[in-house]
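Asker: Got a structure for you, target30.cif, holding mmCIF, C-alpha atoms.
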```cif
data_target
#
loop_
_atom_site.group_PDB
_atom_site.id
_atom_site.type_symbol
_atom_site.label_atom_id
_atom_site.label_comp_id
_atom_site.auth_asym_id
_atom_site.auth_seq_id
_atom_site.Cartn_x
_atom_site.Cartn_y
_atom_site.Cartn_z
ATOM 1 C CA MET A 1 0.000 0.000 0.000
ATOM 2 C CA SER A 2 1.357 3.417 -1.001
ATOM 3 C CA PRO A 3 1.910 6.101 1.676
ATOM 4 C CA LEU A 4 -0.959 8.143 0.202
ATOM 5 C CA ARG A 5 -3.419 5.244 0.355
ATOM 6 C CA ARG A 6 -2.213 4.351 3.844
ATOM 7 C CA GLY A 7 -2.793 7.970 4.927
ATOM 8 C CA LEU A 8 -6.280 8.001 3.408
ATOM 9 C CA HIS A 9 -7.135 4.709 5.084
ATOM 10 C CA LEU A 10 -5.896 6.016 8.442
ATOM 11 C CA GLY A 11 -7.837 9.244 8.001
ATOM 12 C CA LYS A 12 -11.026 7.352 7.188
ATOM 13 C CA ALA A 13 -10.593 5.333 10.376
ATOM 14 C CA VAL A 14 -9.672 8.240 12.679
ATOM 15 C CA LEU A 15 -11.688 11.215 11.441
ATOM 16 C CA PRO A 16 -15.215 10.064 12.419
ATOM 17 C CA ALA A 17 -14.199 9.313 16.013
ATOM 18 C CA SER A 18 -12.170 12.528 16.243
ATOM 19 C CA ALA A 19 -15.090 14.572 14.968
ATOM 20 C CA LEU A 20 -17.445 12.996 17.512
ATOM 21 C CA VAL A 21 -15.001 13.630 20.377
ATOM 22 C CA LEU A 22 -14.592 17.272 19.342
ATOM 23 C CA LEU A 23 -18.371 17.669 19.147
ATOM 24 C CA ILE A 24 -18.859 16.242 22.642
ATOM 25 C CA VAL A 25 -16.026 18.331 24.122
ATOM 26 C CA GLY A 26 -17.325 21.493 22.453
ATOM 27 C CA PHE A 27 -20.852 20.933 23.765
ATOM 28 C CA TRP A 28 -19.463 20.134 27.224
ATOM 29 C CA GLN A 29 -17.412 23.355 27.296
ATOM 30 C CA LEU A 30 -20.312 25.510 26.134
ATOM 31 C CA TYR A 31 -22.817 23.907 28.517
ATOM 32 C CA VAL A 32 -20.601 24.312 31.603
ATOM 33 C CA LYS A 33 -19.908 27.961 30.788
ATOM 34 C CA ALA A 34 -23.476 28.835 29.794
ATOM 35 C CA ALA A 35 -25.092 27.094 32.775
ATOM 36 C CA ASP A 36 -22.382 28.344 35.163
ATOM 37 C CA VAL A 37 -21.853 24.841 36.563
ATOM 38 C CA ASN A 38 -19.672 24.624 39.660
ATOM 39 C CA ALA A 39 -16.234 23.318 38.665
ATOM 40 C CA VAL A 40 -16.280 20.939 41.644
ATOM 41 C CA ILE A 41 -19.312 19.224 40.116
ATOM 42 C CA LEU A 42 -18.300 19.323 36.465
ATOM 43 C CA PRO A 43 -15.173 21.181 35.332
ATOM 44 C CA PRO A 44 -14.942 22.393 31.726
ATOM 45 C CA PRO A 45 -12.600 20.501 29.396
ATOM 46 C CA SER A 46 -10.286 23.517 29.304
ATOM 47 C CA ASP A 47 -9.722 23.191 33.079
ATOM 48 C CA ILE A 48 -9.050 19.476 32.727
ATOM 49 C CA VAL A 49 -6.432 20.044 30.023
ATOM 50 C CA SER A 50 -4.751 22.796 32.048
ATOM 51 C CA THR A 51 -4.760 20.531 35.113
ATOM 52 C CA MET A 52 -3.122 17.768 33.089
ATOM 53 C CA TRP A 53 -0.348 20.178 32.147
ATOM 54 C CA GLU A 54 0.077 21.599 35.657
ATOM 55 C CA GLU A 55 0.049 18.152 37.268
ATOM 56 C CA ARG A 56 1.987 16.421 34.486
ATOM 57 C CA SER A 57 4.777 15.351 36.840
ATOM 58 C CA THR A 58 2.347 13.682 39.240
ATOM 59 C CA LEU A 59 0.350 12.107 36.425
ATOM 60 C CA LEU A 60 3.459 10.711 34.721
ATOM 61 C CA THR A 61 4.808 9.302 37.982
ATOM 62 C CA ASP A 62 1.529 7.546 38.760
ATOM 63 C CA LEU A 63 1.126 6.519 35.133
ATOM 64 C CA TRP A 64 4.431 4.663 35.240
ATOM 65 C CA VAL A 65 3.279 2.711 38.310
ATOM 66 C CA THR A 66 -0.038 1.811 36.690
ATOM 67 C CA PHE A 67 1.600 0.985 33.374
ATOM 68 C CA LYS A 68 3.903 -1.582 34.999
ATOM 69 C CA GLU A 69 0.874 -3.263 36.548
ATOM 70 C CA ILE A 70 -0.954 -3.203 33.199
ATOM 71 C CA ALA A 71 1.977 -4.589 31.209
ATOM 72 C CA LEU A 72 2.832 -7.378 33.646
ATOM 73 C CA GLY A 73 -0.833 -8.271 34.134
ATOM 74 C CA PHE A 74 -1.382 -8.460 30.384
ATOM 75 C CA VAL A 75 1.663 -10.658 29.796
ATOM 76 C CA VAL A 76 0.796 -13.042 32.647
ATOM 77 C CA GLY A 77 -2.876 -13.212 31.648
ATOM 78 C CA ALA A 78 -2.125 -13.618 27.933
ATOM 79 C CA VAL A 79 0.460 -16.389 28.356
ATOM 80 C CA THR A 80 -1.691 -18.254 30.880
ATOM 81 C CA GLY A 81 -4.790 -17.821 28.725
ATOM 82 C CA MET A 82 -3.094 -19.135 25.589
ATOM 83 C CA ILE A 83 -1.670 -22.182 27.369
ATOM 84 C CA CYS A 84 -4.982 -22.956 29.055
ATOM 85 C CA GLY A 85 -6.827 -22.464 25.754
ATOM 86 C CA ILE A 86 -4.561 -24.941 23.966
ATOM 87 C CA LEU A 87 -5.009 -27.513 26.735
ATOM 88 C CA ILE A 88 -8.798 -27.143 26.699
ATOM 89 C CA ALA A 89 -8.982 -27.340 22.901
ATOM 90 C CA TYR A 90 -6.995 -30.583 22.830
ATOM 91 C CA SER A 91 -8.440 -32.391 25.848
ATOM 92 C CA LYS A 92 -12.092 -33.125 26.592
ATOM 93 C CA VAL A 93 -11.147 -34.030 30.160
ATOM 94 C CA LEU A 94 -9.438 -30.679 30.720
ATOM 95 C CA GLU A 95 -12.341 -28.923 29.032
ATOM 96 C CA ARG A 96 -14.778 -30.427 31.523
ATOM 97 C CA THR A 97 -12.342 -29.703 34.365
ATOM 98 C CA LEU A 98 -10.983 -26.242 33.534
ATOM 99 C CA TYR A 99 -13.704 -24.507 31.532
ATOM 100 C CA PRO A 100 -16.112 -24.171 34.495
ATOM 101 C CA LEU A 101 -13.274 -22.621 36.504
ATOM 102 C CA VAL A 102 -12.441 -20.252 33.641
ATOM 103 C CA ILE A 103 -16.066 -19.085 33.528
ATOM 104 C CA ALA A 104 -16.234 -18.842 37.325
ATOM 105 C CA SER A 105 -13.188 -16.569 37.278
ATOM 106 C CA GLN A 106 -15.289 -14.009 35.408
ATOM 107 C CA VAL A 107 -18.578 -14.549 37.231
ATOM 108 C CA ILE A 108 -17.036 -13.603 40.589
ATOM 109 C CA PRO A 109 -16.793 -9.773 40.798
ATOM 110 C CA VAL A 110 -13.255 -8.423 40.794
ATOM 111 C CA PHE A 111 -14.096 -6.195 43.756
ATOM 112 C CA ALA A 112 -14.811 -9.359 45.763
ATOM 113 C CA ILE A 113 -11.414 -10.882 44.959
ATOM 114 C CA ALA A 114 -9.257 -7.768 45.163
ATOM 115 C CA PRO A 115 -9.429 -7.303 48.966
ATOM 116 C CA LEU A 116 -8.422 -10.935 49.493
ATOM 117 C CA LEU A 117 -5.399 -10.557 47.217
ATOM 118 C CA ILE A 118 -4.428 -7.401 49.085
ATOM 119 C CA ILE A 119 -4.606 -9.327 52.374
ATOM 120 C CA TRP A 120 -2.598 -12.266 51.002
ATOM 121 C CA PHE A 121 0.056 -10.378 49.023
ATOM 122 C CA GLY A 122 0.124 -6.923 50.628
ATOM 123 C CA PHE A 123 -0.046 -3.495 49.020
ATOM 124 C CA GLY A 124 2.761 -4.046 46.521
ATOM 125 C CA ILE A 125 2.547 -4.658 42.799
ATOM 126 C CA THR A 126 1.740 -8.386 43.032
ATOM 127 C CA PRO A 127 -2.030 -8.185 43.761
ATOM 128 C CA LYS A 128 -2.494 -5.530 41.061
ATOM 129 C CA VAL A 129 -0.762 -7.719 38.478
ATOM 130 C CA LEU A 130 -2.809 -10.750 39.518
ATOM 131 C CA ILE A 131 -6.108 -8.878 39.263
ATOM 132 C CA ALA A 132 -5.208 -7.492 35.833
ATOM 133 C CA ALA A 133 -4.070 -10.956 34.704
ATOM 134 C CA LEU A 134 -7.284 -12.533 35.955
ATOM 135 C CA ILE A 135 -9.383 -10.171 33.832
ATOM 136 C CA VAL A 136 -7.129 -10.565 30.782
ATOM 137 C CA PHE A 137 -7.097 -14.354 31.053
ATOM 138 C CA PHE A 138 -10.740 -15.000 30.131
ATOM 139 C CA PRO A 139 -11.078 -13.397 26.650
ATOM 140 C CA ILE A 140 -7.724 -14.746 25.498
ATOM 141 C CA CYS A 141 -8.400 -18.275 26.754
ATOM 142 C CA VAL A 142 -11.882 -18.429 25.210
ATOM 143 C CA ASN A 143 -10.736 -16.948 21.902
ATOM 144 C CA GLN A 144 -7.787 -19.332 21.779
ATOM 145 C CA VAL A 145 -10.114 -22.310 22.228
ATOM 146 C CA GLU A 146 -12.576 -21.098 19.594
ATOM 147 C CA GLY A 147 -9.767 -20.260 17.176
ATOM 148 C CA LEU A 148 -8.117 -23.665 17.424
ATOM 149 C CA ARG A 149 -11.451 -25.427 16.991
ATOM 150 C CA SER A 150 -12.410 -23.309 13.990
ATOM 151 C CA ALA A 151 -9.825 -25.053 11.790
ATOM 152 C CA GLU A 152 -11.423 -26.767 8.812
ATOM 153 C CA GLN A 153 -11.756 -30.450 9.676
ATOM 154 C CA GLY A 154 -11.263 -31.490 6.050
ATOM 155 C CA ALA A 155 -7.837 -29.864 5.946
ATOM 156 C CA VAL A 156 -6.919 -31.460 9.268
ATOM 157 C CA ASP A 157 -7.979 -34.915 8.064
ATOM 158 C CA LEU A 158 -6.114 -34.453 4.782
ATOM 159 C CA LEU A 159 -2.886 -33.565 6.532
ATOM 160 C CA ARG A 160 -3.266 -36.488 8.932
ATOM 161 C CA SER A 161 -3.830 -38.840 6.006
ATOM 162 C CA TYR A 162 -0.312 -37.983 4.822
ATOM 163 C CA GLY A 163 1.074 -39.083 8.177
ATOM 164 C CA ALA A 164 1.488 -35.629 9.690
ATOM 165 C CA SER A 165 1.990 -35.496 13.440
ATOM 166 C CA GLU A 166 -0.408 -33.624 15.697
ATOM 167 C CA TRP A 167 2.303 -30.999 16.239
ATOM 168 C CA ARG A 168 2.486 -30.402 12.483
ATOM 169 C CA VAL A 169 -1.308 -30.168 12.258
ATOM 170 C CA PHE A 170 -1.221 -27.623 15.065
ATOM 171 C CA ARG A 171 1.581 -25.601 13.498
ATOM 172 C CA VAL A 172 0.348 -25.669 9.887
ATOM 173 C CA ILE A 173 -3.447 -25.514 10.253
ATOM 174 C CA ARG A 174 -4.794 -24.905 13.735
ATOM 175 C CA LEU A 175 -2.442 -22.142 14.896
ATOM 176 C CA PRO A 176 -2.714 -19.960 11.745
ATOM 177 C CA THR A 177 -6.501 -20.379 11.826
ATOM 178 C CA SER A 178 -6.629 -19.277 15.465
ATOM 179 C CA ILE A 179 -4.568 -16.117 14.952
ATOM 180 C CA PRO A 180 -7.491 -13.745 14.141
ATOM 181 C CA TYR A 181 -9.361 -15.026 17.206
ATOM 182 C CA LEU A 182 -6.277 -14.643 19.377
ATOM 183 C CA LEU A 183 -5.659 -11.096 18.158
ATOM 184 C CA ALA A 184 -9.257 -10.153 18.938
ATOM 185 C CA GLY A 185 -8.862 -11.631 22.411
ATOM 186 C CA MET A 186 -5.632 -9.720 22.966
ATOM 187 C CA GLN A 187 -7.203 -6.438 21.910
ATOM 188 C CA ILE A 188 -10.003 -6.977 24.409
ATOM 189 C CA GLY A 189 -7.591 -8.275 27.037
ATOM 190 C CA VAL A 190 -5.220 -5.316 26.891
ATOM 191 C CA THR A 191 -8.074 -2.888 27.570
ATOM 192 C CA PHE A 192 -9.308 -5.127 30.382
ATOM 193 C CA SER A 193 -5.822 -5.070 31.909
ATOM 194 C CA VAL A 194 -6.127 -1.292 32.275
ATOM 195 C CA ILE A 195 -9.458 -1.714 34.078
ATOM 196 C CA GLY A 196 -8.043 -4.430 36.337
ATOM 197 C CA ALA A 197 -5.006 -2.394 37.370
ATOM 198 C CA VAL A 198 -7.078 0.689 38.206
ATOM 199 C CA ILE A 199 -9.656 -1.330 40.156
ATOM 200 C CA ALA A 200 -6.858 -2.965 42.149
ATOM 201 C CA GLU A 201 -5.468 0.475 42.991
ATOM 202 C CA TRP A 202 -8.893 1.598 44.159
ATOM 203 C CA VAL A 203 -9.012 -1.285 46.623
ATOM 204 C CA GLY A 204 -5.586 -0.723 48.111
ATOM 205 C CA ALA A 205 -2.670 1.339 46.817
ATOM 206 C CA GLN A 206 -0.590 4.343 47.743
ATOM 207 C CA GLU A 207 0.442 5.224 44.187
ATOM 208 C CA GLY A 208 -0.846 4.853 40.662
ATOM 209 C CA LEU A 209 -3.600 6.542 38.674
ATOM 210 C CA GLY A 210 -6.361 4.714 40.570
ATOM 211 C CA SER A 211 -4.979 5.894 43.883
ATOM 212 C CA LEU A 212 -4.630 9.412 42.470
ATOM 213 C CA MET A 213 -8.319 9.398 41.474
ATOM 214 C CA LEU A 214 -9.375 8.466 45.008
ATOM 215 C CA SER A 215 -7.173 11.054 46.721
ATOM 216 C CA ALA A 216 -8.210 13.798 44.292
ATOM 217 C CA ASN A 217 -11.875 12.894 44.744
ATOM 218 C CA ALA A 218 -11.515 13.025 48.543
ATOM 219 C CA GLN A 219 -10.115 16.556 48.226
ATOM 220 C CA SER A 220 -12.837 17.627 45.733
ATOM 221 C CA GLU A 221 -10.225 18.166 43.012
ATOM 222 C CA THR A 222 -12.624 17.117 40.271
ATOM 223 C CA ALA A 223 -10.470 18.417 37.437
ATOM 224 C CA LEU A 224 -7.612 16.199 38.602
ATOM 225 C CA VAL A 225 -9.966 13.214 38.794
ATOM 226 C CA PHE A 226 -10.979 13.827 35.177
ATOM 227 C CA ALA A 227 -7.322 14.323 34.222
ATOM 228 C CA ALA A 228 -6.465 10.915 35.675
ATOM 229 C CA ILE A 229 -9.474 9.331 33.943
ATOM 230 C CA LEU A 230 -8.450 10.890 30.630
ATOM 231 C CA THR A 231 -4.904 9.600 31.097
ATOM 232 C CA VAL A 232 -6.230 6.086 31.710
ATOM 233 C CA ALA A 233 -8.431 6.362 28.603
ATOM 234 C CA ILE A 234 -5.474 7.476 26.467
ATOM 235 C CA VAL A 235 -3.391 4.568 27.760
ATOM 236 C CA GLY A 236 -6.171 2.076 26.999
ATOM 237 C CA VAL A 237 -6.746 3.344 23.463
ATOM 238 C CA THR A 238 -3.002 3.492 22.774
ATOM 239 C CA LEU A 239 -2.423 -0.068 23.975
ATOM 240 C CA PHE A 240 -5.401 -1.316 21.960
ATOM 241 C CA GLY A 241 -3.970 0.298 18.838
ATOM 242 C CA LEU A 242 -0.470 -0.978 19.620
ATOM 243 C CA VAL A 243 -1.653 -4.583 19.892
ATOM 244 C CA ARG A 244 -3.467 -4.199 16.581
ATOM 245 C CA VAL A 245 -0.427 -2.681 14.855
ATOM 246 C CA VAL A 246 1.911 -5.370 16.206
ATOM 247 C CA GLY A 247 -0.532 -8.036 15.052
ATOM 248 C CA ASP A 248 -0.678 -6.491 11.572
ATOM 249 C CA LEU A 249 3.127 -6.379 11.388
ATOM 250 C CA ILE A 250 3.572 -9.993 12.486
ATOM 251 C CA TRP A 251 0.690 -11.299 10.348
ATOM 252 C CA PRO A 252 0.446 -8.925 7.347
ATOM 253 C CA TRP A 253 -2.016 -11.188 5.530
ATOM 254 C CA GLN A 254 -4.494 -10.524 8.317
ATOM 255 C CA ALA A 255 -4.004 -6.771 7.915
ATOM 256 C CA ARG A 256 -4.623 -7.025 4.173
ATOM 257 C CA ARG A 257 -7.840 -8.944 4.732
ATOM 258 C CA LYS A 258 -9.081 -6.314 7.194
ATOM 259 C CA ARG A 259 -8.305 -3.516 4.750
ATOM 260 C CA GLU A 260 -10.097 -5.324 1.945
ATOM 261 C CA SER A 261 -13.172 -5.826 4.146
ATOM 262 C CA THR A 262 -13.331 -2.072 4.841
#
```
What is this file in structure tokens?
Answerer:
Amino acid sequence: MSPLRRGLHLGKAVLPASALVLLIVGFWQLYVKAADVNAVILPPPSDIVSTMWEERSTLLTDLWVTFKEIALGFVVGAVTGMICGILIAYSKVLERTLYPLVIASQVIPVFAIAPLLIIWFGFGITPKVLIAALIVFFPICVNQVEGLRSAEQGAVDLLRSYGASEWRVFRVIRLPTSIPYLLAGMQIGVTFSVIGAVIAEWVGAQEGLGSLMLSANAQSETALVFAAILTVAIVGVTLFGLVRVVGDLIWPWQARRKREST
């Protein structure tokens, strides 16, 4: 794809969302000013942006703490989810044994588990990583299972008829077929890891963006609360896009198919 076509494709993908965000922000700014809303209740976007600049040192420091929790939680959850997904896809016994536990891990509210992890592992980074990993684990595991099972049975049988080992069937047919499912699970999982890290910080932390939100809210610094929320949103969107870009670079045929479908 030429640079011009790539730029046009990117613009077509970004412009609608950017226009909607600008429309919402503009209406928000005008409404707050026209209705003379108290800044403690709802600060205008201009105050939030200025607060982000004034408190950039604090936000960056807490962002680094939260980002470490997000990154480690995503890696742990993704690796565990992929391994568990492969085991479930290849074993009926493990499917009957593990799948109910996988589902139960998502049925139980994170807020119910987080205090226990804080009690067991303290206020360090470990419980935050575990909570983020727990949330990431589910979509990646389920998508890995569905992706491996979506392989065309005729192709699998044909390869086996030539004496191919199960490892070769996995490497040649099942794994490539599961890649789009796995990428979708990773894109969901990386955004969930942001949610998990922040929730863990709400339950018990002395640093991080979640902790900053709580302390700012307790002091009625609403603009700083919104600044922290906006920072979290930017991180989530950036990581989502990064996973997609990395996936497109590693599997360019998948990127071409997505472009052709749009």
Asker: In Å, how far is it from CA of Leu183 in chain A to CA of Gly154 in chain A?
Answerer: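 Atom-to-atom, CA of Leu183 in chain A to CA of Gly154 in chain A, that is 24.4 Å.
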Asker: I need the output of the PyMOL selection byres ((chain A and resi 128-137) around 7) for this file as a PyMOL selection string; which residues are they?
Answerer: chain A and resi 69-70+72-74+76-78+80-81+114+125-127+138-141+189-190+192-193+196-197+200-201
Asker: With C-alpha atoms kept, could you save the residues just selected as a compact mmCIF listing (two decimals), keeping the file's coordinate frame?
Answerer:
```txt
# COMPACT_ATOMS: atom_id res chain seq x y z
CA GLU A 69 0.87 -3.26 36.55
CA ILE A 70 -0.95 -3.20 33.20
CA LEU A 72 2.83 -7.38 33.65
CA GLY A 73 -0.83 -8.27 34.13
CA PHE A 74 -1.38 -8.46 30.38
CA VAL A 76 0.80 -13.04 32.65
CA GLY A 77 -2.88 -13.21 31.65
CA ALA A 78 -2.12 -13.62 27.93
CA THR A 80 -1.69 -18.25 30.88
CA GLY A 81 -4.79 -17.82 28.72
CA ALA A 114 -9.26 -7.77 45.16
CA ILE A 125 2.55 -4.66 42.80
CA THR A 126 1.74 -8.39 43.03
CA PRO A 127 -2.03 -8.18 43.76
CA PHE A 138 -10.74 -15.00 30.13
CA PRO A 139 -11.08 -13.40 26.65
CA ILE A 140 -7.72 -14.75 25.50
CA CYS A 141 -8.40 -18.27 26.75
CA GLY A 189 -7.59 -8.28 27.04
CA VAL A 190 -5.22 -5.32 26.89
CA PHE A 192 -9.31 -5.13 30.38
CA SER A 193 -5.82 -5.07 31.91
CA GLY A 196 -8.04 -4.43 36.34
CA ALA A 197 -5.01 -2.39 37.37
CA ALA A 200 -6.86 -2.96 42.15
CA GLU A 201 -5.47 0.48 42.99
```
Asker: Could you check the closest approach to Val225 in chain A for each of A:Ile41, A:Ile188, A:Val110, A:Ala89 and tell me which residue wins, using all atoms listed in the file?
Answerer: A:Ile41
Asker: Any idea what the distance is between CA of Ala227 in chain A and CA of Glu207 in chain A?
Answerer: 15.6 Å
Asker: Counting only C-alpha atoms, I want the residues whose atoms come within 6 Å of (-16.1, 21.7, 29.2) in the file frame, returned as number ranges by chain.
Answerer: A: 28-29, 32, 44-45
Asker: Could you jot down the CA of Gly122 in chain A to CA of Ile195 in chain A separation for me, Å, one decimal place?
Answerer: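 We find that CA of Gly122 in chain A and CA of Ile195 in chain A lie 19.8 Å from each other.
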Asker: Residues at most 8 Å from Gln144 in chain A, counting all atoms listed in the file, excluding those fewer than 2 positions away in the same chain, as a ChimeraX atom specification?
Answerer: /A:81-82,85-86,140-142,146-148,178,181-182,185
Asker: Which residue gives the smallest distance to Ile48 in chain A among A:Val232, A:Leu224, A:Leu239, A:Leu249, with only C-alpha atoms counted?
Answerer: A:Leu224
Asker: Determine the nearest neighbour of Val40 in chain A from the options A:Thr222, A:Ser215, A:Thr231, A:Thr66, counting only C-alpha atoms.
Answerer: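 The shortest atom-to-atom distance to Val40 in chain A comes from A:Thr222.
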Asker: Find, counting all atoms listed in the file, the residue in A:Cys84, A:Ile113, A:Val156, A:Met186 that gets nearest to Val172 in chain A.
Answerer: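 Closest to Val172 in chain A of all the choices is A:Val156.
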Asker: Please evaluate the PyMOL selection byres ((chain A and resi 235) around 10) against the structure above and give the resulting residues as a PyMOL selection string.
Answerer: chain A and resi 63+66-67+70+191+194+229-234+236-241
